[in-house]
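Only one structure is covered here, and it is reproduced in the block below.
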Amino acid sequence: MSRRQLVSLEDKFLPAHQLAASLIDLAMSRGLDKNRLLRGTRIFYQDIKGGTTHLNTEQMLRLMANARSLVSGFDCSFQLGKRVFPGNYGAISNALLHCRNLQDALRVLRVHAQHICPFMHSYAYQDEQQYHLVIFDAVGCGEQWQFVLETYFSALVSATKLLLGHRIPFHFDFPFARPRYIQEYETNLGLRLNFSQSQLRIRFDLEWLKAPFAQQSQSLKRHALQHIRQHQPPYQGFIQAVRDSLWLKRQQTLQETALLFAMSPATFKRKLNQHGVRFQQIQDELGKQQALYLLQVQKRNNEDSASMMAFSDIPNFRRAVKRWTGLTPNQLRLG
């Protein structure tokens, strides 16, 4: 198992003066009473002002739900995203600010993502032309997942613009239908938007990985990373940890996985249910992702793909791919 501390919905590890304070300030700037915004969250404004309180993701998601229902307009999540970086994140912001390029920043973010983006995690791969980030829910965001995506995707666009001096032409693939407020997506994320897709993904041309950041400094980056290691323990969301375990061995059973987490199968299932997911659901998500990569990106034949995914025969492989994606392997290869 990972040496990182596992965090669940109820664990208080999010500094309140970061994302929560930004969202409260944004809502109050729109004329919303802070007491209405905080209702039902178990967050107290005095604690936010004090700067030492920590929240759990459940409280933060409740705050997002209140903001969605109470703040006028459809741009709250996007405007919140623009406040994420540099924001109030201290050493992690400094480390990213002084990275050499986007490739360097993604490497730093992969290790320390919990300090700036604890709600999601990604798996990366690249083909001959593009770099791909496939995004997953790290904690169990439920109905607030789209708000989270809008926030952090907007943060990515605005942060890279700040670091490079101009926008990177990101492509965004969303698994949900085109929203009614599409103008907010186009304004804040750009026009390279695809909806009702088979997976949640960010893509961009490989050339952008090496484009130099304006404030790069290896010495300042090292100093910031040293501060993080000394003062901010590495965290990992529970769902992310389960997904990482199955990423290495997708055919692993629930009983085997529970043992890795030092839990009984019943306790492990209850823990998954608390986060709104099922074990089979996570296995299917990863199977779908691997099938899309092997068939759509690498264009491998059925025999190779089935073997790499540990299927005993081709018919079972075809049926699984059809169940996961709605398409046959041949249709995916031609897509």
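Please note that chains go A, B, ... in the order of the structure tokens, that every chain numbers its residues from 1, and that ligands are numbered from 1 in the order shown.
Near A:Gln18, within a cut-off of 10 Å and counting only C-alpha atoms, sit the residues Leu14, Pro15, Ala16, Ala20, Ala21, Ser22, Leu23, Ile48, Gly51, His54, Arg83, Val84, Gly87, Asn88, Tyr89, Gly90, His115 and Ile116 of chain A, with same-chain residues fewer than 2 positions away left out.
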**Asked** Skipping near chain neighbours, those fewer than 2 positions away, what residues fall within 6 Å of stretch 192-194 of chain A using only C-alpha atoms, listed as an MDAnalysis selection string?
**Response** chainID A and resid 171:173 190
**Request:** Fewer than 4 positions away in the same chain doesn't count, so skip those; otherwise give me all residues within 10 Å of A:Asn330, counting only C-alpha atoms, as a PyMOL selection string.
**Result:** chain A and resi 295-296+299+301-302+318+334-335
Per residue of stretch 160-205 of chain A within 7 Å of stretch 62-82 of chain A, record the nearest atom pair and its distance in Å to one decimal, counting only C-alpha atoms, with rows in chain order and ascending residue number, as a Markdown table.
| residue | atom | partner | partner_atom | distance |
| --- | --- | --- | --- | --- |
| A:Tyr181 | CA | A:Phe74 | CA | 6.6 |
| A:Glu184 | CA | A:Asp75 | CA | 6.3 |
| A:Asn188 | CA | A:Phe78 | CA | 6.7 |
Selection from above, N, CA and C atoms, as a compact mmCIF listing (two decimals), in the first residue's frame, can you write it?
# COMPACT_ATOMS: atom_id res chain seq x y z
N TYR A 181 -25.73 26.31 -20.17
CA TYR A 181 -24.91 27.51 -20.07
C TYR A 181 -23.58 27.32 -20.81
N GLU A 184 -20.53 29.80 -20.86
CA GLU A 184 -19.53 29.85 -19.79
C GLU A 184 -18.38 28.89 -20.08
N ASN A 188 -14.58 30.33 -20.70
CA ASN A 188 -13.56 30.01 -19.71
C ASN A 188 -12.66 28.84 -20.09
**Request:** Find the distance between atom CA of A:Ala95 and atom CA of A:Tyr131 and write it in Å to one decimal.
**Result:** 22.1 Å
**Prompt:** Pick from A:Gln232, A:Arg250, A:Ala291, A:Arg203: nearest to A:Ala91, with only C-alpha atoms counted?
**Reply:**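 Selected residue with least distance to A:Ala91: A:Gln232.
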**Request:** Quick one: pick out all strand (DSSP E) residues within stretch 7-191 of chain A from a backbone DSSP run and write them as number ranges by chain.
**Result:** A: 7, 12-15, 54-56, 120-126, 130-137, 171-173
Residue subset to file, keeping C-alpha atoms, as a compact mmCIF listing (two decimals), in the first residue's frame:
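Okay, this is what ended up in out_7.txt:
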# COMPACT_ATOMS: atom_id res chain seq x y z
CA VAL A 7 -8.29 10.50 3.52
CA LYS A 12 -10.44 17.11 8.06
CA PHE A 13 -7.34 17.89 6.03
CA LEU A 14 -8.38 20.83 3.80
CA PRO A 15 -7.14 24.22 5.11
CA HIS A 54 -9.32 22.37 8.53
CA LEU A 55 -12.38 21.03 6.74
CA ASN A 56 -13.29 17.67 5.31
CA MET A 120 -9.81 14.42 -8.60
CA HIS A 121 -6.89 12.46 -9.92
CA SER A 122 -5.74 11.47 -13.38
CA TYR A 123 -3.89 8.87 -15.42
CA ALA A 124 -1.72 10.15 -18.24
CA TYR A 125 -0.65 8.74 -21.58
CA GLN A 126 0.41 10.13 -24.92
CA GLN A 130 -1.18 14.55 -28.07
CA TYR A 131 -0.85 14.24 -24.32
CA HIS A 132 -3.94 12.81 -22.59
CA LEU A 133 -5.12 13.20 -19.00
CA VAL A 134 -8.02 10.91 -18.10
CA ILE A 135 -9.78 12.30 -15.03
CA PHE A 136 -11.43 10.41 -12.17
CA ASP A 137 -13.22 11.34 -8.95
CA HIS A 171 -9.31 19.90 -25.81
CA PHE A 172 -11.91 18.87 -23.20
CA ASP A 173 -13.94 15.66 -23.52
**Asked** Given the choices A:Asn101, A:Gln59, A:Gln255, A:Gln298, which gets closest to A:Gln218 if the distance is worked out from only C-alpha atoms?
**Response**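 Once distances to A:Gln218 are computed over only C-alpha atoms, the minimum belongs to A:Asn101.
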**Item:** All helix (DSSP H, G or I) residues (DSSP, backbone) inside stretch 116-247 of chain A, as a ChimeraX atom specification
**Value:** /A:142-164,182-189,206-210,218-231,238-247
**Message:** When you count only C-alpha atoms, which of these residues is closest to A:Ala159: A:Leu248, A:Val139, A:Leu102, A:Leu292?
**Reply:**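 Once distances to A:Ala159 are computed over only C-alpha atoms, the minimum belongs to A:Leu102.
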**Item:** Neighbour list for A:Met308 as a PyMOL selection string, cut-off 12 Å, only C-alpha atoms, skip fewer than 2 positions in-chain
**Value:** chain A and resi 249-251+287+290-291+293-295+300-306+310-314+317
Write out as a compact mmCIF listing (two decimals) with N, CA and C atoms, in the first residue's frame the residues lying within 7 Å of A:Gln144, counting only C-alpha atoms and excluding same-chain residues fewer than 2 positions away.
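Final file, part_32.txt:
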# COMPACT_ATOMS: atom_id res chain seq x y z
N LEU A 61 -17.97 19.98 -0.16
CA LEU A 61 -18.96 19.65 -1.17
C LEU A 61 -20.33 20.24 -0.82
N MET A 64 -20.17 23.84 -1.76
CA MET A 64 -20.35 23.97 -3.21
C MET A 64 -21.82 23.84 -3.60
N ALA A 65 -22.52 22.90 -2.97
CA ALA A 65 -23.94 22.71 -3.27
C ALA A 65 -24.73 23.97 -2.93
N CYS A 141 -17.47 12.71 -5.16
CA CYS A 141 -18.05 14.06 -5.17
C CYS A 141 -19.55 14.08 -5.43
N GLY A 142 -20.09 12.98 -5.92
CA GLY A 142 -21.53 12.90 -6.13
C GLY A 142 -22.07 13.98 -7.05
N GLN A 146 -19.68 17.89 -11.31
CA GLN A 146 -19.57 18.82 -12.44
C GLN A 146 -19.08 20.19 -11.98
N PHE A 147 -19.52 20.64 -10.83
CA PHE A 147 -19.04 21.91 -10.26
C PHE A 147 -17.53 21.82 -10.02
N VAL A 148 -17.08 20.69 -9.49
CA VAL A 148 -15.65 20.48 -9.24
C VAL A 148 -14.87 20.53 -10.55
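Between A:Gln215 and the residues A:Ser154, A:Asn94, A:Gln236, A:Gln280, the shortest atom-to-atom distance, using only C-alpha atoms, involves A:Asn94.
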